[in-house]
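Student: Just so it is clear, I am handing over my_file-v6.cif, which has mmCIF, C-alpha atoms.
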```cif
data_data
loop_
_atom_site.label_atom_id
_atom_site.label_comp_id
_atom_site.auth_asym_id
_atom_site.auth_seq_id
_atom_site.Cartn_x
_atom_site.Cartn_y
_atom_site.Cartn_z
CA MET A 200 0.00 61.75 -69.35
CA SER A 201 -0.68 61.23 -65.70
CA SER A 202 -4.06 60.13 -64.41
CA ASN A 203 -6.00 62.44 -62.15
CA ILE A 204 -8.57 59.85 -61.02
CA GLU A 205 -8.61 58.44 -57.52
CA ILE A 206 -10.30 55.10 -56.83
CA LEU A 207 -10.73 53.39 -53.46
CA ARG A 208 -9.64 49.75 -53.64
CA ILE A 209 -8.73 46.91 -51.27
CA CYS A 210 -5.21 45.47 -51.50
CA LYS A 211 -5.29 41.84 -52.68
CA HIS A 212 -2.43 40.97 -50.37
CA CYS A 213 -2.78 42.88 -47.11
CA SER A 214 -6.53 43.69 -47.42
CA ILE A 215 -5.95 47.37 -46.51
CA GLU A 216 -7.98 50.06 -48.24
CA PHE A 217 -5.94 52.39 -50.48
CA THR A 218 -6.37 55.04 -53.18
CA ALA A 219 -5.48 53.79 -56.67
CA LYS A 220 -4.82 55.71 -59.88
CA THR A 221 -6.28 53.02 -62.18
CA THR A 222 -9.20 50.61 -62.07
CA VAL A 223 -6.95 47.55 -62.41
CA THR A 224 -4.50 48.26 -59.59
CA LYS A 225 -4.48 45.25 -57.23
CA TYR A 226 -1.89 46.15 -54.58
CA CYS A 227 -1.38 49.13 -52.35
CA SER A 228 2.41 49.17 -52.79
CA HIS A 229 5.31 47.58 -54.64
CA LYS A 230 6.13 45.67 -51.46
CA CYS A 231 2.68 43.98 -51.38
CA SER A 232 2.98 43.27 -55.10
CA GLN A 233 6.30 41.47 -54.58
CA ARG A 234 4.99 39.49 -51.62
CA ALA A 235 1.90 38.44 -53.56
CA TYR A 236 4.11 37.33 -56.46
CA LYS A 237 6.28 35.19 -54.15
CA GLN A 238 3.22 33.65 -52.50
CA ARG A 239 1.75 32.83 -55.91
CA LYS A 240 4.96 31.11 -57.01
CA ARG A 241 5.14 29.19 -53.75
CA GLU A 242 1.57 27.91 -54.18
CA GLU A 243 2.34 26.88 -57.76
CA LYS A 244 5.33 24.82 -56.57
CA ILE A 245 3.22 23.18 -53.86
CA HIS A 246 0.54 22.34 -56.42
CA VAL A 247 3.10 20.77 -58.77
CA SER A 248 4.60 18.77 -55.90
CA ASN A 249 1.17 17.51 -54.77
CA THR A 250 0.29 16.53 -58.32
CA GLU A 251 3.50 14.54 -58.68
CA THR A 252 2.92 12.83 -55.32
CA SER A 253 -0.65 11.90 -56.27
CA TYR A 254 0.62 10.40 -59.51
CA VAL A 255 3.22 8.30 -57.68
CA ILE A 256 0.58 7.06 -55.25
CA SER A 257 -2.05 6.29 -57.88
CA GLN A 258 0.31 4.64 -60.36
CA PRO A 259 0.48 1.29 -58.49
CA ILE A 260 -3.34 1.32 -58.20
CA GLU A 261 -3.63 1.85 -61.95
CA GLU A 262 -1.30 -1.08 -62.49
CA LEU A 263 -3.42 -3.25 -60.18
CA LYS A 264 -6.55 -2.40 -62.16
CA ILE A 265 -5.19 -4.08 -65.28
CA LYS A 266 -3.84 -7.22 -63.56
CA PRO A 267 -6.14 -10.25 -64.10
CA PHE A 268 -5.16 -11.87 -60.79
CA LEU A 269 -4.35 -10.27 -57.44
CA SER A 270 -2.76 -11.38 -54.21
CA ILE A 271 -4.34 -10.69 -50.82
CA THR A 272 -2.03 -7.68 -50.42
CA ASP A 273 -2.92 -6.38 -53.89
CA THR A 274 -6.63 -6.74 -53.10
CA CYS A 275 -6.20 -4.76 -49.87
CA LYS A 276 -4.48 -1.94 -51.76
CA LEU A 277 -7.04 -1.89 -54.55
CA LEU A 278 -10.04 -1.82 -52.20
CA GLY A 279 -8.37 0.23 -49.47
CA VAL A 280 -9.33 -2.26 -46.74
CA SER A 281 -7.51 -4.39 -44.17
CA ARG A 282 -6.40 -7.99 -44.68
CA ARG A 283 -8.96 -9.12 -42.09
CA THR A 284 -11.75 -7.51 -44.13
CA VAL A 285 -10.61 -9.36 -47.27
CA TYR A 286 -10.50 -12.67 -45.37
CA ARG A 287 -14.02 -12.06 -44.04
CA MET A 288 -15.20 -11.46 -47.61
CA ILE A 289 -13.63 -14.79 -48.58
CA GLU A 290 -15.33 -16.55 -45.64
CA ARG A 291 -18.69 -15.10 -46.74
CA LYS A 292 -18.06 -16.42 -50.29
CA GLU A 293 -18.08 -12.88 -51.66
CA LEU A 294 -14.67 -13.51 -53.20
CA VAL A 295 -13.52 -16.78 -54.78
CA VAL A 296 -9.88 -17.67 -54.24
CA ALA A 297 -7.42 -20.14 -55.71
CA LYS A 298 -3.95 -21.31 -54.75
CA ALA A 299 -0.82 -20.70 -56.80
CA GLY A 300 1.76 -22.63 -54.84
CA THR A 301 1.61 -21.13 -51.38
CA ARG A 302 0.01 -17.89 -52.53
CA THR A 303 -3.69 -17.08 -52.44
CA ILE A 304 -4.91 -15.35 -55.58
CA ILE A 305 -8.16 -13.58 -56.42
CA ARG A 306 -9.59 -12.76 -59.84
CA ARG A 307 -9.91 -9.02 -60.34
CA ALA A 308 -13.10 -9.67 -62.34
CA ASP A 309 -14.69 -11.01 -59.14
CA ILE A 310 -13.83 -7.75 -57.39
CA ASP A 311 -15.47 -5.78 -60.20
CA GLU A 312 -18.61 -7.92 -59.83
CA LEU A 313 -18.92 -6.91 -56.18
CA PHE A 314 -20.05 -3.46 -57.25
CA GLY A 315 -22.79 -4.86 -59.44
CA LYS A 316 -24.35 -7.02 -56.74
CA PRO A 317 -27.37 -5.60 -54.91
CA ILE A 318 -26.90 -4.97 -51.19
CA PRO A 319 -29.28 -7.21 -49.20
CA VAL A 320 -31.83 -5.23 -47.23
CA ARG A 321 -32.76 -6.48 -43.79
CA VAL A 322 -36.49 -6.72 -43.45
CA ARG A 323 -37.69 -5.88 -39.98
CA LYS A 324 -39.93 -8.58 -38.63
CA GLU A 325 -43.30 -7.45 -37.43
CA PRO A 326 -43.95 -8.40 -33.79
CA GLN A 327 -46.18 -11.44 -33.48
CA PRO A 328 -49.41 -10.95 -31.55
CA VAL A 329 -49.55 -12.54 -28.09
CA THR A 330 -52.09 -15.36 -28.04
CA GLU A 331 -51.23 -17.36 -24.90
CA PHE A 332 -51.41 -16.00 -21.38
CA TYR A 333 -50.89 -17.12 -17.79
CA THR A 334 -53.18 -16.10 -14.98
CA VAL A 335 -51.42 -14.79 -11.88
CA LYS A 336 -52.31 -18.00 -10.05
CA GLU A 337 -50.75 -20.14 -12.79
CA VAL A 338 -47.54 -18.09 -12.64
CA GLN A 339 -47.37 -18.41 -8.85
CA GLU A 340 -47.88 -22.17 -9.04
CA LYS A 341 -45.34 -22.70 -11.81
CA TYR A 342 -42.57 -20.33 -10.73
CA SER A 343 -43.16 -20.03 -6.98
CA ILE A 344 -43.24 -16.26 -7.01
CA LYS A 345 -45.04 -13.59 -4.99
CA TYR A 346 -47.44 -11.18 -6.70
CA GLY A 347 -45.33 -8.15 -5.77
CA ARG A 348 -42.20 -9.58 -7.41
CA LEU A 349 -44.18 -10.71 -10.46
CA SER A 350 -45.49 -7.18 -10.87
CA THR A 351 -41.93 -5.81 -10.72
CA ILE A 352 -40.70 -8.33 -13.31
CA ILE A 353 -43.54 -7.42 -15.68
CA LYS A 354 -42.79 -3.71 -15.36
CA GLN A 355 -38.99 -3.90 -15.60
CA ASN A 356 -38.99 -6.28 -18.59
CA ARG A 357 -42.02 -4.80 -20.36
CA ILE A 358 -43.74 -8.16 -20.52
CA PRO A 359 -47.07 -7.94 -22.39
CA LYS A 360 -50.14 -8.26 -20.18
CA THR A 361 -53.88 -7.87 -20.46
CA ILE A 362 -56.98 -7.83 -18.27
CA HIS A 363 -59.52 -10.62 -18.83
CA ASN A 364 -62.71 -10.79 -16.78
CA GLY A 365 -61.19 -8.29 -14.38
CA LYS A 366 -58.08 -10.42 -13.78
CA LEU A 367 -54.47 -9.86 -14.84
CA ASN A 368 -53.13 -12.16 -17.56
CA VAL A 369 -49.44 -12.25 -18.54
CA SER A 370 -47.84 -13.35 -21.82
CA LYS A 371 -46.82 -16.98 -21.50
CA LYS A 372 -44.04 -16.84 -24.09
CA HIS A 373 -42.38 -13.74 -22.64
CA LEU A 374 -42.58 -14.88 -19.03
CA ASP A 375 -41.20 -18.37 -19.81
CA LYS A 376 -38.33 -16.77 -21.72
CA TYR A 377 -37.56 -14.48 -18.77
CA PHE A 378 -37.46 -17.30 -16.22
CA ASP A 379 -35.44 -19.59 -18.50
CA LYS A 380 -32.81 -16.87 -18.70
CA VAL A 381 -32.90 -16.05 -14.97
CA ARG A 382 -32.79 -19.68 -13.85
CA ASN A 383 -29.78 -20.40 -16.07
CA ASP A 384 -27.90 -17.24 -15.12
CA VAL A 385 -26.51 -17.42 -11.60
CA SER A 386 -24.22 -14.41 -11.96
CA SER A 387 -26.74 -12.07 -10.33
CA ILE A 388 -27.36 -14.32 -7.30
CA THR A 389 -25.35 -13.26 -4.26
CA GLU A 390 -26.86 -15.33 -1.41
CA TRP A 391 -26.79 -19.11 -1.27
CA TYR A 392 -27.82 -21.91 1.10
CA THR A 393 -25.96 -25.13 1.64
CA VAL A 394 -28.20 -28.21 1.76
CA THR A 395 -27.49 -28.51 5.50
CA GLU A 396 -28.56 -24.91 6.13
CA ILE A 397 -31.91 -25.55 4.42
CA GLN A 398 -32.42 -28.74 6.43
CA ASP A 399 -31.79 -26.91 9.69
CA LYS A 400 -33.98 -23.90 8.79
CA TYR A 401 -37.01 -25.69 7.33
CA GLY A 402 -36.80 -29.14 8.92
CA LEU A 403 -36.53 -30.99 5.60
CA THR A 404 -34.70 -34.16 4.69
CA ARG A 405 -31.89 -34.07 2.16
CA ASP A 406 -34.11 -35.74 -0.45
CA GLN A 407 -36.89 -33.18 0.16
CA VAL A 408 -34.43 -30.31 -0.38
CA TYR A 409 -33.30 -31.70 -3.73
CA SER A 410 -36.83 -32.64 -4.75
CA ARG A 411 -38.20 -29.14 -4.15
CA SER A 412 -35.19 -27.53 -5.82
CA ASN A 413 -35.58 -29.67 -8.93
CA ASP A 414 -39.38 -29.45 -9.15
CA ASN A 415 -39.27 -25.64 -8.95
CA ASN A 416 -36.17 -25.22 -11.13
CA ILE A 417 -34.30 -23.34 -8.40
CA PRO A 418 -30.79 -22.19 -9.41
CA LYS A 419 -27.94 -24.28 -8.01
CA GLN A 420 -24.20 -24.28 -8.32
CA ARG A 421 -21.46 -26.63 -7.21
CA LEU A 422 -18.47 -25.32 -5.27
CA GLY A 423 -16.04 -28.17 -4.75
CA LYS A 424 -17.97 -30.99 -3.07
CA TYR A 425 -20.76 -28.68 -1.86
CA VAL A 426 -23.99 -27.81 -3.67
CA LYS A 427 -25.25 -24.25 -3.17
CA ILE A 428 -28.95 -23.39 -3.63
CA SER A 429 -30.29 -19.89 -4.26
CA LYS A 430 -31.50 -18.43 -0.96
CA LEU A 431 -33.99 -16.01 -2.58
CA HIS A 432 -35.68 -18.64 -4.73
CA PHE A 433 -35.87 -21.34 -2.03
CA ASP A 434 -37.28 -18.94 0.57
CA GLU A 435 -40.05 -17.98 -1.86
CA LEU A 436 -41.35 -21.56 -1.77
CA PHE A 437 -42.28 -21.11 1.86
CA VAL A 438 -43.48 -17.52 1.56
CA ILE A 439 -46.26 -18.62 -0.79
CA GLY A 440 -46.72 -21.98 0.94
CA ILE A 441 -45.43 -24.53 -1.56
#
```
Can you give me the file's structure in the form of structure tokens?

Tutor:
Amino acid sequence: MSSNIEILRICKHCSIEFTAKTTVTKYCSHKCSQRAYKQRKREEKIHVSNTETSYVISQPIEELKIKPFLSITDTCKLLGVSRRTVYRMIERKELVVAKAGTRTIIRRADIDELFGKPIPVRVRKEPQPVTEFYTVKEVQEKYSIKYGRLSTIIKQNRIPKTIHNGKLNVSKKHLDKYFDKVRNDVSSITEWYTVTEIQDKYGLTRDQVYSRSNDNNIPKQRLGKYVKISKLHFDELFVIGI
């Protein structure tokens, strides 16, 4: 007996709306039904192939899991890391190794223990309060620097400062650290004097040039047989009258 019902459905294959005669009809035509069947079989074959491939890949790993001792290569495969990573773990004493002839071997039990060790947590150090300060005059006397440049250094390097009795005081530790770095780093200095040029400009003897350079820790560098002295730092001695 034929059915007289008409039901609107969506084709499972082409997603087009169609009128069906039963509530379980999935496809709008025999053609869509055949195509859906072929697609389903194709997906089943792909799934079987992927499963077989995964088994082939995982089988060596399963074999490694039951070996009591591993080579460096075996350890890389088991952990999924590079050889360099394994060697770094050995250097940090995270893995203990032994020699079997010319081969390096690692106990698999030691690898298992890695996952039971707690990961060290880095504790952030709280900043120490600043307790020692320079006055501006003390900085000028020690580092032969103008107030304007000192102000720029404080701002650019965020050096802690405070006001005491209406006068500016600057963190001793931070300022000393800055000048130690600057004095030892000549890469940013672009203008230099020769000793002769300083003698001619300021009327100093050779000994006076070296004495002032050493007393004020002025950057120097040697180029062949000539000594070069930072132009900026030496000129500042005379700007502030040292």

Student: Smallest atom-to-atom distance to Tyr401 of chain A: which of A:Glu293, A:Asp434, A:Lys360, A:Glu242, using all atoms listed in the file?

Tutor: A:Asp434

Student: Kindly resolve the PyMOL selection byres ((chain A and resi 339-350) around 9) on the present coordinates and return the residues as number ranges by chain.

Tutor: A: 334-338, 351-355, 378, 415-416, 432-433, 435-441

Student: Which residues are near His212 of chain A? Cut-off 7 Å, only C-alpha atoms, ignore same chain within fewer than 3 positions. Put them as a PDB file with C-alpha atoms, in the coordinates of the input.

Tutor:
```pdb
ATOM      1  CA  TYR A 226      -1.890  46.150 -54.580  1.00  0.00           C
ATOM      2  CA  CYS A 231       2.680  43.980 -51.380  1.00  0.00           C
ATOM      3  CA  ALA A 235       1.900  38.440 -53.560  1.00  0.00           C
TER       4      ALA A 235
END
```

Student: Selected by the PyMOL selection byres ((chain A and resi 367-376) around 6) in the shown coordinates: which residues, as a ChimeraX atom specification?

Tutor: /A:331-334,359-362,366,377-379

Student: Atom CA of Lys424 of chain A and atom CA of Lys380 of chain A, how far apart in Å?

Tutor: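 Atom-to-atom, atom CA of Lys380 of chain A to atom CA of Lys424 of chain A, that is 25.8 Å.
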
Student: I'd like the contact shell of Ile388 of chain A - 12 Å cut-off, all atoms listed in the file, skipping same-chain residues fewer than 6 positions apart - returned as a list in words.

Tutor: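 Surrounding residues, per the criterion: Val381, Arg382, Ile417, Pro418, Lys419, Gln420, Lys427, Ile428, Ser429, Lys430, Leu431 and His432 of chain A.
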
Student: Take the residues just selected and output them with C-alpha atoms as a PDB file, keeping the file's coordinate frame.

Tutor:
```pdb
ATOM      1  CA  VAL A 381     -32.900 -16.050 -14.970  1.00  0.00           C
ATOM      2  CA  ARG A 382     -32.790 -19.680 -13.850  1.00  0.00           C
ATOM      3  CA  ILE A 417     -34.300 -23.340  -8.400  1.00  0.00           C
ATOM      4  CA  PRO A 418     -30.790 -22.190  -9.410  1.00  0.00           C
ATOM      5  CA  LYS A 419     -27.940 -24.280  -8.010  1.00  0.00           C
ATOM      6  CA  GLN A 420     -24.200 -24.280  -8.320  1.00  0.00           C
ATOM      7  CA  LYS A 427     -25.250 -24.250  -3.170  1.00  0.00           C
ATOM      8  CA  ILE A 428     -28.950 -23.390  -3.630  1.00  0.00           C
ATOM      9  CA  SER A 429     -30.290 -19.890  -4.260  1.00  0.00           C
ATOM     10  CA  LYS A 430     -31.500 -18.430  -0.960  1.00  0.00           C
ATOM     11  CA  LEU A 431     -33.990 -16.010  -2.580  1.00  0.00           C
ATOM     12  CA  HIS A 432     -35.680 -18.640  -4.730  1.00  0.00           C
TER      13      HIS A 432
END
```

Student: Hey, what's within 9 Å of Arg306 of chain A if we count only C-alpha atoms and toss same-chain stuff fewer than 3 positions away? As a PyMOL selection string, please?

Tutor: chain A and resi 266-270+294-297+309-310

Student: For the atom pair atom CA of Asp273 of chain A and atom CA of Asp311 of chain A, what is the interatomic distance in Å to one decimal place?

Tutor: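 Computed distance, atom CA of Asp273 of chain A to atom CA of Asp311 of chain A, equals 14.1 Å.
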
Student: For the atom pair atom CA of Ala299 of chain A and atom CA of Leu278 of chain A, what is the interatomic distance in Å to one decimal place?

Tutor: 21.5 Å

Student: Taking all atoms listed in the file into account, name the residue in A:Arg421, A:Lys264, A:His363, A:Lys400 that is nearest to Arg307 of chain A.

Tutor: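 Of A:Arg421, A:Lys264, A:His363, A:Lys400, the one nearest Arg307 of chain A, counting all atoms listed in the file, is A:Lys264.
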
Student: Identify which of the residues A:Glu205, A:Thr393, A:Thr284, A:Gln233 lies closest to Lys220 of chain A, counting only C-alpha atoms when measuring atom-to-atom distances.

Tutor: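 Among A:Glu205, A:Thr393, A:Thr284, A:Gln233, it is A:Glu205 that comes nearest to Lys220 of chain A.
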
Student: For the file shown, what are the residues hit by the PyMOL selection byres ((chain A and resi 211) around 12), laid out as a list in words?

Tutor: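 Selected by the PyMOL selection byres ((chain A and resi 211) around 12) here: Arg208, Ile209, Cys210, His212, Cys213, Ser214, Ile215, Glu216, Phe217, Val223, Thr224, Lys225, Tyr226, Cys227, Ser228, Cys231, Ser232, Gln233, Arg234, Ala235, Tyr236, Gln238 and Arg239 of chain A.
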